[in-house]
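A.B. asks: Just protein_24.csv, nothing more (CSV, C-alpha atoms):
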chain,number,residue,atom,x,y,z
N,1,MET,CA,108.1,74.9,95.6
N,2,ALA,CA,106.1,76.9,98.1
N,3,GLU,CA,107.6,80.3,99.0
N,4,GLU,CA,109.6,80.4,102.2
N,5,ILE,CA,107.6,81.6,105.2
N,6,LYS,CA,108.9,85.0,106.3
N,7,LYS,CA,109.8,85.8,109.9
N,8,ILE,CA,108.3,89.0,111.0
N,9,MET,CA,109.0,90.3,114.5
N,10,PHE,CA,107.1,93.0,116.4
N,11,THR,CA,108.9,94.9,119.2
N,12,VAL,CA,106.7,96.7,121.7
N,13,ARG,CA,108.7,99.3,123.7
N,14,LYS,CA,106.1,101.8,124.7
N,15,ALA,CA,103.8,101.9,127.7
N,16,PRO,CA,100.1,101.2,127.2
N,17,HIS,CA,97.3,103.7,127.7
N,18,GLY,CA,99.4,106.9,127.8
N,19,SER,CA,99.4,106.8,124.0
N,20,ILE,CA,97.7,104.8,121.3
N,21,TYR,CA,100.8,103.0,120.0
N,22,VAL,CA,100.4,99.7,121.9
N,23,TYR,CA,96.6,99.5,121.2
N,24,GLU,CA,96.9,100.2,117.4
N,25,GLY,CA,100.0,98.0,117.3
N,26,LEU,CA,97.9,95.1,118.6
N,27,GLU,CA,95.5,95.6,115.7
N,28,VAL,CA,98.4,95.1,113.3
N,29,LYS,CA,99.5,91.9,115.0
N,30,LEU,CA,96.0,90.4,114.9
N,31,ILE,CA,95.7,91.1,111.2
N,32,MET,CA,99.2,89.9,110.3
N,33,ALA,CA,98.8,86.7,112.3
N,34,ALA,CA,96.1,85.7,109.7
N,35,TYR,CA,98.7,85.7,106.9
N,36,ASP,CA,101.3,83.2,106.1
N,37,ALA,CA,104.1,84.6,108.2
N,38,ASP,CA,106.1,83.4,111.2
N,39,ILE,CA,105.1,86.1,113.7
N,40,SER,CA,106.8,86.8,117.0
N,41,VAL,CA,106.2,89.6,119.5
N,42,VAL,CA,108.8,90.9,121.9
N,43,PHE,CA,108.0,93.2,124.8
N,44,MET,CA,110.8,95.2,126.1
N,45,ASP,CA,111.5,98.5,128.0
N,46,ASP,CA,108.2,100.2,128.9
N,47,GLY,CA,106.4,97.7,126.6
N,48,VAL,CA,106.5,95.2,129.4
N,49,PHE,CA,103.9,97.3,131.3
N,50,ALA,CA,101.4,96.2,128.5
N,51,LEU,CA,101.6,92.7,129.8
N,52,LYS,CA,100.8,93.4,133.4
N,53,GLN,CA,97.7,91.4,134.6
N,54,GLY,CA,94.8,93.2,136.1
N,55,GLN,CA,94.7,96.3,133.8
N,56,ASP,CA,91.3,98.0,134.0
N,57,THR,CA,90.6,100.9,131.7
N,58,LYS,CA,86.9,101.2,132.5
N,59,GLU,CA,87.2,104.3,134.7
N,60,LEU,CA,89.5,105.9,132.2
N,61,GLY,CA,86.8,105.4,129.6
N,62,ILE,CA,89.0,103.9,126.9
N,63,LYS,CA,88.5,100.5,125.4
N,64,GLY,CA,91.7,98.8,126.5
N,65,PHE,CA,93.0,95.5,125.2
N,66,ALA,CA,93.4,93.1,128.2
N,67,ALA,CA,90.8,90.7,126.9
N,68,THR,CA,92.5,90.5,123.5
N,69,TYR,CA,95.8,89.9,125.1
N,70,GLY,CA,94.2,87.1,127.1
N,71,ALA,CA,93.4,85.4,123.8
N,72,LEU,CA,96.6,86.1,121.8
N,73,MET,CA,97.1,82.4,121.2
N,74,ASP,CA,93.6,82.0,119.8
N,75,TYR,CA,94.6,84.6,117.2
N,76,GLU,CA,97.6,82.4,116.2
N,77,ILE,CA,100.1,84.5,118.0
N,78,GLN,CA,102.1,81.9,119.9
N,79,LYS,CA,105.6,83.4,120.1
N,80,VAL,CA,105.3,86.1,122.8
N,81,TYR,CA,108.5,87.0,124.6
N,82,VAL,CA,109.4,89.5,127.4
N,83,ASP,CA,112.8,90.9,128.1
N,84,ARG,CA,113.8,89.8,131.6
N,85,HIS,CA,115.9,92.9,132.4
N,86,SER,CA,113.1,95.3,131.4
N,87,MET,CA,110.8,93.5,133.7
N,88,GLU,CA,113.2,93.4,136.6
N,89,VAL,CA,114.1,97.1,136.5
N,90,ARG,CA,110.4,97.8,136.6
N,91,GLY,CA,109.8,95.7,139.6
N,92,MET,CA,107.9,93.0,137.8
N,93,THR,CA,108.2,89.3,138.0
N,94,GLU,CA,106.7,86.5,135.9
N,95,ALA,CA,103.8,86.4,138.4
N,96,ASP,CA,102.7,89.8,137.3
N,97,LEU,CA,102.3,88.8,133.7
N,98,LEU,CA,98.9,88.2,132.2
N,99,VAL,CA,97.9,84.9,130.6
N,100,ILE,CA,97.8,84.9,126.8
N,101,GLY,CA,96.0,81.6,126.3
N,102,GLU,CA,96.0,78.0,127.3
N,103,ASP,CA,98.1,75.0,126.3
N,104,GLU,CA,96.2,72.9,123.7
N,105,GLU,CA,97.1,69.6,125.4
N,106,THR,CA,97.3,70.3,129.1
N,107,GLU,CA,94.8,73.3,129.1
N,108,GLU,CA,97.2,75.0,131.5
N,109,PRO,CA,97.3,78.8,131.2
N,110,VAL,CA,100.2,80.1,129.2
N,111,LYS,CA,102.2,83.3,129.9
N,112,PRO,CA,104.6,85.1,127.7
N,113,GLN,CA,108.1,83.6,127.8
N,114,VAL,CA,110.7,85.6,129.8
N,115,ILE,CA,114.0,85.6,128.0
N,116,ASP,CA,117.3,87.4,128.1
N,117,ALA,CA,118.6,90.2,125.8
N,118,GLN,CA,121.1,87.9,124.2
N,119,GLU,CA,118.3,85.5,123.1
N,120,ILE,CA,116.3,88.5,121.8
N,121,ALA,CA,119.2,89.9,119.9
N,122,ALA,CA,119.8,86.5,118.3
N,123,MET,CA,116.2,86.2,117.2
N,124,MET,CA,116.2,89.8,115.8
N,125,ALA,CA,119.1,88.8,113.6
N,126,GLU,CA,117.1,86.0,112.1
N,127,GLN,CA,114.1,88.2,111.0
N,128,HIS,CA,113.0,89.1,107.5
N,129,ASN,CA,111.6,92.4,108.8
N,130,ILE,CA,111.1,93.9,112.3
N,131,LEU,CA,108.3,96.3,113.0
N,132,SER,CA,108.4,98.6,116.0
N,133,PHE,CA,104.9,98.6,117.4
A,1,MET,CA,121.8,94.5,112.1
A,2,LEU,CA,121.3,98.2,111.8
A,3,HIS,CA,119.8,99.9,114.8
A,4,THR,CA,118.4,103.5,114.6
A,5,VAL,CA,117.9,105.7,117.6
A,6,ASN,CA,116.0,109.0,117.2
A,7,LYS,CA,115.7,110.2,120.8
A,8,SER,CA,117.8,112.5,122.8
A,9,PRO,CA,119.6,110.5,125.5
A,10,PHE,CA,119.0,113.4,127.9
A,11,GLN,CA,115.3,112.9,127.8
A,12,ASN,CA,114.8,109.2,127.2
A,13,THR,CA,116.6,105.9,127.7
A,14,THR,CA,116.3,104.6,124.2
A,15,LEU,CA,120.0,104.8,123.5
A,16,THR,CA,121.0,102.8,126.6
A,17,ASP,CA,118.1,100.4,125.9
A,18,CYS,CA,119.3,99.8,122.4
A,19,ALA,CA,122.9,99.4,123.6
A,20,ARG,CA,122.0,96.3,125.6
A,21,PHE,CA,120.9,94.5,122.4
A,22,ILE,CA,123.6,95.7,120.0
A,23,GLN,CA,125.9,92.8,118.9
A,24,ASP,CA,129.5,93.0,117.7
A,25,GLY,CA,129.4,93.7,114.0
A,26,ASP,CA,126.1,95.6,114.2
A,27,VAL,CA,125.7,99.2,113.2
A,28,LEU,CA,124.1,102.1,115.1
A,29,LEU,CA,122.7,105.2,113.3
A,30,LEU,CA,121.8,108.3,115.3
A,31,LEU,CA,119.2,110.4,113.6
A,32,GLU,CA,116.6,113.2,114.5
A,33,ASP,CA,117.0,114.0,118.2
A,34,GLY,CA,119.2,110.9,118.5
A,35,VAL,CA,122.2,112.9,117.2
A,36,PHE,CA,122.4,114.9,120.5
A,37,ALA,CA,124.1,111.8,121.8
A,38,ALA,CA,127.0,112.2,119.3
A,39,GLN,CA,128.2,115.5,120.9
A,40,VAL,CA,131.5,115.3,122.6
A,41,GLY,CA,131.8,116.1,126.3
A,42,THR,CA,128.4,115.2,127.6
A,43,THR,CA,127.3,112.8,130.3
A,44,HIS,CA,126.6,110.2,127.6
A,45,SER,CA,130.0,110.5,125.8
A,46,ALA,CA,131.4,107.5,127.8
A,47,LEU,CA,128.6,105.3,126.4
A,48,LEU,CA,129.3,106.4,122.9
A,49,GLU,CA,133.1,106.0,123.4
A,50,ALA,CA,132.4,102.4,124.5
A,51,LEU,CA,130.0,101.7,121.6
A,52,VAL,CA,132.5,102.9,118.9
A,53,GLN,CA,135.0,100.4,120.2
A,54,ARG,CA,132.7,97.5,119.2
A,55,VAL,CA,130.3,98.6,116.5
A,56,LYS,CA,130.2,101.2,113.7
A,57,VAL,CA,128.4,104.3,114.9
A,58,TYR,CA,127.0,106.9,112.4
A,59,ALA,CA,125.2,110.2,112.9
A,60,LEU,CA,123.0,111.7,110.2
A,61,GLN,CA,124.5,114.8,108.7
A,62,ALA,CA,121.3,116.8,108.1
A,63,ASP,CA,120.2,116.3,111.7
A,64,LEU,CA,123.7,117.3,113.0
A,65,LYS,CA,123.7,120.4,110.9
A,66,ALA,CA,120.2,121.4,111.9
A,67,ARG,CA,121.2,121.2,115.6
A,68,ALA,CA,124.6,122.8,115.2
A,69,ILE,CA,126.4,119.7,116.5
A,70,THR,CA,130.0,119.9,115.2
A,71,ASN,CA,132.3,118.2,117.8
A,72,LEU,CA,131.6,114.5,117.7
A,73,VAL,CA,132.8,111.8,120.0
A,74,PRO,CA,135.8,110.4,118.2
A,75,GLY,CA,135.0,107.4,116.1
A,76,ILE,CA,131.5,108.5,115.2
A,77,GLN,CA,131.1,108.8,111.4
A,78,ILE,CA,128.9,111.3,109.6
A,79,THR,CA,126.7,110.0,106.9
A,80,ASP,CA,123.9,111.5,104.7
A,81,TYR,CA,120.6,110.0,103.6
A,82,SER,CA,122.3,108.2,100.7
A,83,GLY,CA,124.6,106.6,103.3
A,84,PHE,CA,121.6,105.7,105.4
A,85,VAL,CA,120.2,103.8,102.4
A,86,ALA,CA,123.5,102.1,101.9
A,87,LEU,CA,123.4,100.9,105.5
A,88,VAL,CA,119.9,99.6,104.9
A,89,GLU,CA,121.1,97.7,101.8
A,90,GLU,CA,123.7,95.9,103.9
A,91,HIS,CA,121.7,95.2,107.1
A,92,LYS,CA,118.2,94.4,108.3
A,93,ILE,CA,117.0,97.3,110.4
A,94,HIS,CA,115.3,97.8,113.7
A,95,SER,CA,114.1,101.3,114.6
A,96,TRP,CA,114.2,101.9,118.3
A,97,LEU,CA,111.1,104.0,118.5
W,1,MET,CA,116.2,96.1,96.4
W,2,LYS,CA,112.5,96.4,97.4
W,3,ILE,CA,112.1,98.8,100.3
W,4,ALA,CA,108.9,99.6,102.2
W,5,VAL,CA,108.5,102.5,104.5
W,6,CYS,CA,106.1,102.9,107.4
W,7,ILE,CA,105.3,106.4,108.9
W,8,TYR,CA,103.7,106.7,112.3
W,9,GLU,CA,103.6,110.4,113.1
W,10,GLY,CA,101.7,113.4,111.7
W,11,PRO,CA,103.2,116.1,109.5
W,12,TYR,CA,105.1,119.1,111.0
W,13,ASN,CA,104.6,118.0,114.5
W,14,HIS,CA,107.4,115.4,114.3
W,15,GLU,CA,110.4,114.9,112.1
W,16,ALA,CA,109.4,111.4,111.1
W,17,SER,CA,107.7,112.4,108.0
W,18,ASP,CA,110.6,114.5,106.8
W,19,SER,CA,113.2,111.8,107.6
W,20,ALA,CA,111.1,109.2,105.7
W,21,TYR,CA,110.7,111.5,102.7
W,22,ASN,CA,114.5,112.2,102.6
W,23,PHE,CA,115.3,108.6,103.0
W,24,ILE,CA,112.9,107.6,100.2
W,25,LYS,CA,114.3,110.2,97.8
W,26,ALA,CA,117.8,108.9,98.5
W,27,ALA,CA,116.7,105.2,98.1
W,28,ILE,CA,115.1,106.1,94.7
W,29,ASP,CA,118.3,107.9,93.7
W,30,ARG,CA,120.3,104.7,94.5
W,31,GLY,CA,118.0,102.7,92.2
W,32,HIS,CA,115.8,100.9,94.7
W,33,GLU,CA,112.2,100.1,94.2
W,34,ILE,CA,109.9,101.6,96.9
W,35,GLN,CA,107.5,98.7,97.5
W,36,GLY,CA,105.1,100.9,99.3
W,37,ILE,CA,104.6,103.7,101.8
W,38,PHE,CA,102.2,103.0,104.7
W,39,PHE,CA,100.8,105.6,107.0
W,40,TYR,CA,99.7,104.4,110.4
W,41,HIS,CA,98.8,106.0,113.8
W,42,ASP,CA,98.8,109.8,113.4
W,43,GLY,CA,100.8,109.3,110.2
W,44,VAL,CA,97.4,109.3,108.4
W,45,TYR,CA,97.3,113.1,108.7
W,46,ASN,CA,100.3,113.4,106.3
W,47,VAL,CA,98.2,113.3,103.1
W,48,THR,CA,95.2,115.5,103.6
W,49,LYS,CA,94.5,118.1,101.0
W,50,LEU,CA,93.2,120.5,103.7
W,51,MET,CA,96.6,121.4,105.0
W,52,GLU,CA,97.8,124.9,104.0
W,53,PRO,CA,101.3,125.5,105.3
W,54,PRO,CA,103.0,129.0,105.0
W,55,GLN,CA,104.3,129.5,101.4
W,56,ASP,CA,107.9,129.5,102.5
W,57,ASP,CA,107.6,126.0,104.1
W,58,ARG,CA,107.4,122.6,102.6
W,59,HIS,CA,104.0,121.3,101.6
W,60,ILE,CA,104.1,117.8,103.1
W,61,ALA,CA,100.9,116.4,101.6
W,62,ASN,CA,101.8,117.7,98.1
W,63,ARG,CA,105.3,116.2,98.4
W,64,TRP,CA,103.8,112.8,99.2
W,65,SER,CA,101.3,113.2,96.4
W,66,ALA,CA,104.0,114.0,93.9
W,67,LEU,CA,105.8,110.8,95.0
W,68,GLY,CA,102.6,108.9,94.5
W,69,ALA,CA,102.3,110.3,91.0
W,70,THR,CA,105.5,108.5,90.1
W,71,GLY,CA,103.8,105.2,90.7
W,72,ILE,CA,104.8,104.5,94.2
W,73,ASP,CA,101.9,102.9,96.2
W,74,ILE,CA,101.1,105.2,99.1
W,75,VAL,CA,98.6,103.6,101.5
W,76,VAL,CA,96.7,105.2,104.4
W,77,CYS,CA,95.5,102.7,107.0
W,78,ILE,CA,91.7,102.6,107.0
W,79,ALA,CA,91.4,101.7,110.6
W,80,ALA,CA,93.7,104.5,111.8
W,81,ALA,CA,92.1,106.9,109.3
W,82,LYS,CA,88.5,106.3,110.3
W,83,ARG,CA,89.4,106.8,113.9
W,84,ARG,CA,90.8,110.2,113.0
W,85,GLY,CA,88.2,111.5,110.5
W,86,ILE,CA,90.4,110.9,107.5
W,87,VAL,CA,88.3,109.7,104.5
W,88,ASP,CA,88.9,109.6,100.7
W,89,ASP,CA,87.4,113.0,100.2
W,90,VAL,CA,90.1,114.8,102.1
W,91,LEU,CA,93.1,113.0,100.6
W,92,VAL,CA,95.5,114.5,98.1
W,93,PRO,CA,95.7,112.6,94.7
W,94,ASN,CA,97.8,109.5,94.2
W,95,VAL,CA,97.3,108.0,97.6
W,96,ARG,CA,94.7,105.5,98.7
W,97,ILE,CA,93.0,104.2,101.8
W,98,SER,CA,93.4,100.5,102.4
W,99,GLY,CA,93.7,97.9,105.2
W,100,LEU,CA,96.4,96.5,107.3
W,101,GLY,CA,96.7,93.6,104.9
W,102,GLN,CA,98.6,96.0,102.7
W,103,LEU,CA,101.1,96.6,105.5
W,104,THR,CA,101.4,92.8,105.9
W,105,MET,CA,102.1,92.3,102.2
W,106,MET,CA,104.8,95.0,102.4
W,107,ALA,CA,106.4,93.5,105.5
W,108,ILE,CA,106.5,90.1,103.8
W,109,GLN,CA,107.4,91.1,100.2
W,110,ALA,CA,109.8,94.0,100.8
W,111,ASP,CA,113.5,93.1,101.4
W,112,ARG,CA,113.6,95.9,103.9
W,113,MET,CA,111.0,97.6,106.0
W,114,VAL,CA,112.0,100.9,107.5
W,115,VAL,CA,109.9,102.5,110.2
W,116,PHE,CA,109.8,106.2,111.0
W,117,GLY,CA,108.0,107.4,114.1
W,118,ASP,CA,108.3,108.8,117.6
Turn this file's structure into structure tokens for me.

C.D. replies:
Amino acid sequence: MAEEIKKIMFTVRKAPHGSIYVYEGLEVKLIMAAYDADISVVFMDDGVFALKQGQDTKELGIKGFAATYGALMDYEIQKVYVDRHSMEVRGMTEADLLVIGEDEETEEPVKPQVIDAQEIAAMMAEQHNILSF
Amino acid sequence: MLHTVNKSPFQNTTLTDCARFIQDGDVLLLLEDGVFAAQVGTTHSALLEALVQRVKVYALQADLKARAITNLVPGIQITDYSGFVALVEEHKIHSWL
Amino acid sequence: MKIAVCIYEGPYNHEASDSAYNFIKAAIDRGHEIQGIFFYHDGVYNVTKLMEPPQDDRHIANRWSALGATGIDIVVCIAAAKRRGIVDDVLVPNVRISGLGQLTMMAIQADRMVVFGD
């Protein structure tokens, strides 16, 4: 019998650009998605700022990651969630979120899924391991 | 689920962020600068008092001693690194970095 | 139980490295297998042989190297290391540079993954 596929969750709680955590954390997700694991990514607290559309780091002179985020689904990262409360207290709505890919059938743009803390907590409890990135 | 918090609540909202996700039956471990939240009589004591009503709350002994924190919010238990490992044996862990 | 540990912060600057070390020692004492230790972000600075702390302080790199000598797999992330100028030549013995695939295997194979960072 094939070994059970393990659930691995990433939690992103830090703001982008002020430190390297979100950027290097993305590198981990891209690699891990290539393996046989059930990956999910949850953005909460300041991590939701990483999902704001229109980020432009050119003038700052750092590489940024908006383009990669725009193709997360192409990297086989389909389960991308945002904590509703974290977004609301930061004055963000779903309209502010960047697109992470397009639906295979409808070709409609897909955004991260906005969910509540209770749903996130329930998902956390199901994971094999959780990495804070 | 074991939740670990390593930030001072006076500088950073990690503890209150974490508290939103803690479920009944979960465990909270305060370590590093997180142990400053365990001190009795602070502006964060009420949050800790509420938390100990519904989940087990531990503070890491080495970090408490290093910071001269002796009077803890009632209900918070002190544990050492071996106790930390024991909590990891029992629960999956999320570090609230 | 198989336990893997991930460390994100550099030595001395942050307590993460000390917390991780104390946790790992306690886990070994309780009979657990340390599946691996993975250094990421500035954590890659933990194992350079160039550090020379004052004699009356702990030598963080040597401490990790001694753990590595017991057979524990200690991995420095190559992507994070290259960015920060950490190469094989500057590492203490008993640690190795490898890719994020190692972290992935640890996350999948270990019963628990414990992350220490800022």

A.B. asks: With only C-alpha atoms as the atoms that count, which of N:Ile5, N:Asp83, N:Gly18, N:Leu72 lies nearest to Ala121 (chain N)?

C.D. replies: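 Looking at the shortest contact to Ala121 (chain N), the residue is N:Asp83.
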
A.B. asks: Please determine the contact residues of chain N with respect to chain W at a cut-off of 8 Å, counting only C-alpha atoms, and supply them as a PyMOL selection string.

C.D. replies: chain N and resi 6+8+20-21+24+28+31-32+35+37+128-132

A.B. asks: Taking (109.1, 97.7, 133.0) in the coordinates of the supplied file, I want to know which residues reach to within 7 Å of it, counting all atoms listed in the file; could you give the answer as an NGL selection string?

C.D. replies: :N and (45-49 or 86-92)

A.B. asks: Go ahead and save the picked residues with C-alpha atoms, as an mmCIF file, keeping the file's coordinate frame.

C.D. replies:
data_model
loop_
_atom_site.group_PDB
_atom_site.id
_atom_site.type_symbol
_atom_site.label_atom_id
_atom_site.label_comp_id
_atom_site.auth_asym_id
_atom_site.auth_seq_id
_atom_site.Cartn_x
_atom_site.Cartn_y
_atom_site.Cartn_z
ATOM 1 C CA ASP N 45 111.500 98.500 128.000
ATOM 2 C CA ASP N 46 108.200 100.200 128.900
ATOM 3 C CA GLY N 47 106.400 97.700 126.600
ATOM 4 C CA VAL N 48 106.500 95.200 129.400
ATOM 5 C CA PHE N 49 103.900 97.300 131.300
ATOM 6 C CA SER N 86 113.100 95.300 131.400
ATOM 7 C CA MET N 87 110.800 93.500 133.700
ATOM 8 C CA GLU N 88 113.200 93.400 136.600
ATOM 9 C CA VAL N 89 114.100 97.100 136.500
ATOM 10 C CA ARG N 90 110.400 97.800 136.600
ATOM 11 C CA GLY N 91 109.800 95.700 139.600
ATOM 12 C CA MET N 92 107.900 93.000 137.800
#

A.B. asks: For chain N, report every residue with an atom at most 10 Å from chain A (counting all atoms listed in the file), formatted as a PDB file with C-alpha atoms, in the frame of the given file.

C.D. replies:
ATOM      1  CA  MET N   9     109.000  90.300 114.500  1.00  0.00           C
ATOM      2  CA  PHE N  10     107.100  93.000 116.400  1.00  0.00           C
ATOM      3  CA  THR N  11     108.900  94.900 119.200  1.00  0.00           C
ATOM      4  CA  VAL N  12     106.700  96.700 121.700  1.00  0.00           C
ATOM      5  CA  ARG N  13     108.700  99.300 123.700  1.00  0.00           C
ATOM      6  CA  LYS N  14     106.100 101.800 124.700  1.00  0.00           C
ATOM      7  CA  MET N  44     110.800  95.200 126.100  1.00  0.00           C
ATOM      8  CA  ASP N  45     111.500  98.500 128.000  1.00  0.00           C
ATOM      9  CA  HIS N  85     115.900  92.900 132.400  1.00  0.00           C
ATOM     10  CA  SER N  86     113.100  95.300 131.400  1.00  0.00           C
ATOM     11  CA  ASP N 116     117.300  87.400 128.100  1.00  0.00           C
ATOM     12  CA  ALA N 117     118.600  90.200 125.800  1.00  0.00           C
ATOM     13  CA  GLN N 118     121.100  87.900 124.200  1.00  0.00           C
ATOM     14  CA  GLU N 119     118.300  85.500 123.100  1.00  0.00           C
ATOM     15  CA  ILE N 120     116.300  88.500 121.800  1.00  0.00           C
ATOM     16  CA  ALA N 121     119.200  89.900 119.900  1.00  0.00           C
ATOM     17  CA  ALA N 122     119.800  86.500 118.300  1.00  0.00           C
ATOM     18  CA  MET N 124     116.200  89.800 115.800  1.00  0.00           C
ATOM     19  CA  ALA N 125     119.100  88.800 113.600  1.00  0.00           C
ATOM     20  CA  GLU N 126     117.100  86.000 112.100  1.00  0.00           C
ATOM     21  CA  GLN N 127     114.100  88.200 111.000  1.00  0.00           C
ATOM     22  CA  HIS N 128     113.000  89.100 107.500  1.00  0.00           C
ATOM     23  CA  ASN N 129     111.600  92.400 108.800  1.00  0.00           C
ATOM     24  CA  ILE N 130     111.100  93.900 112.300  1.00  0.00           C
ATOM     25  CA  LEU N 131     108.300  96.300 113.000  1.00  0.00           C
ATOM     26  CA  SER N 132     108.400  98.600 116.000  1.00  0.00           C
ATOM     27  CA  PHE N 133     104.900  98.600 117.400  1.00  0.00           C
TER      28      PHE N 133
END

A.B. asks: I need the chain W residues near chain A as a list in words; criterion: at most 6 Å, counting only C-alpha atoms.

C.D. replies: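 Listed by rising number, the hits are Phe23, Ala26, Ala27 and Asp118 of chain W.
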
A.B. asks: What does the distance from CA of Ile60 (chain W) to CA of Gly43 (chain W) come to in Å, to one decimal?

C.D. replies: 11.6 Å

A.B. asks: Can you tell me how far CA of Ile39 (chain N) sits from CA of Glu4 (chain N), in Å to one decimal?

C.D. replies: 13.6 Å

A.B. asks: What lies within 7 Å of Val76 (chain W) using all atoms listed in the file, ignoring chain neighbours under 3 positions off, as a PDB file with C-alpha atoms, in the frame of the given file?

C.D. replies:
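Output contents, as saved in result-v1.pdb:
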ATOM      1  CA  PHE W  38     102.200 103.000 104.700  1.00  0.00           C
ATOM      2  CA  PHE W  39     100.800 105.600 107.000  1.00  0.00           C
ATOM      3  CA  TYR W  40      99.700 104.400 110.400  1.00  0.00           C
ATOM      4  CA  VAL W  44      97.400 109.300 108.400  1.00  0.00           C
ATOM      5  CA  ALA W  81      92.100 106.900 109.300  1.00  0.00           C
ATOM      6  CA  ARG W  96      94.700 105.500  98.700  1.00  0.00           C
ATOM      7  CA  ILE W  97      93.000 104.200 101.800  1.00  0.00           C
ATOM      8  CA  SER W  98      93.400 100.500 102.400  1.00  0.00           C
TER       9      SER W  98
END

A.B. asks: Using all atoms listed in the file, determine which residues lie at most 9 Å from Asn94 (chain W), disregarding the query and same-chain residues fewer than 3 positions distant; provide the list as a PyMOL selection string.

C.D. replies: chain W and resi 64-74+91

A.B. asks: Mind giving me the straight-line distance from CA of Val92 (chain W) to CA of Asn62 (chain W) in Å, one decimal?

C.D. replies: 7.1 Å
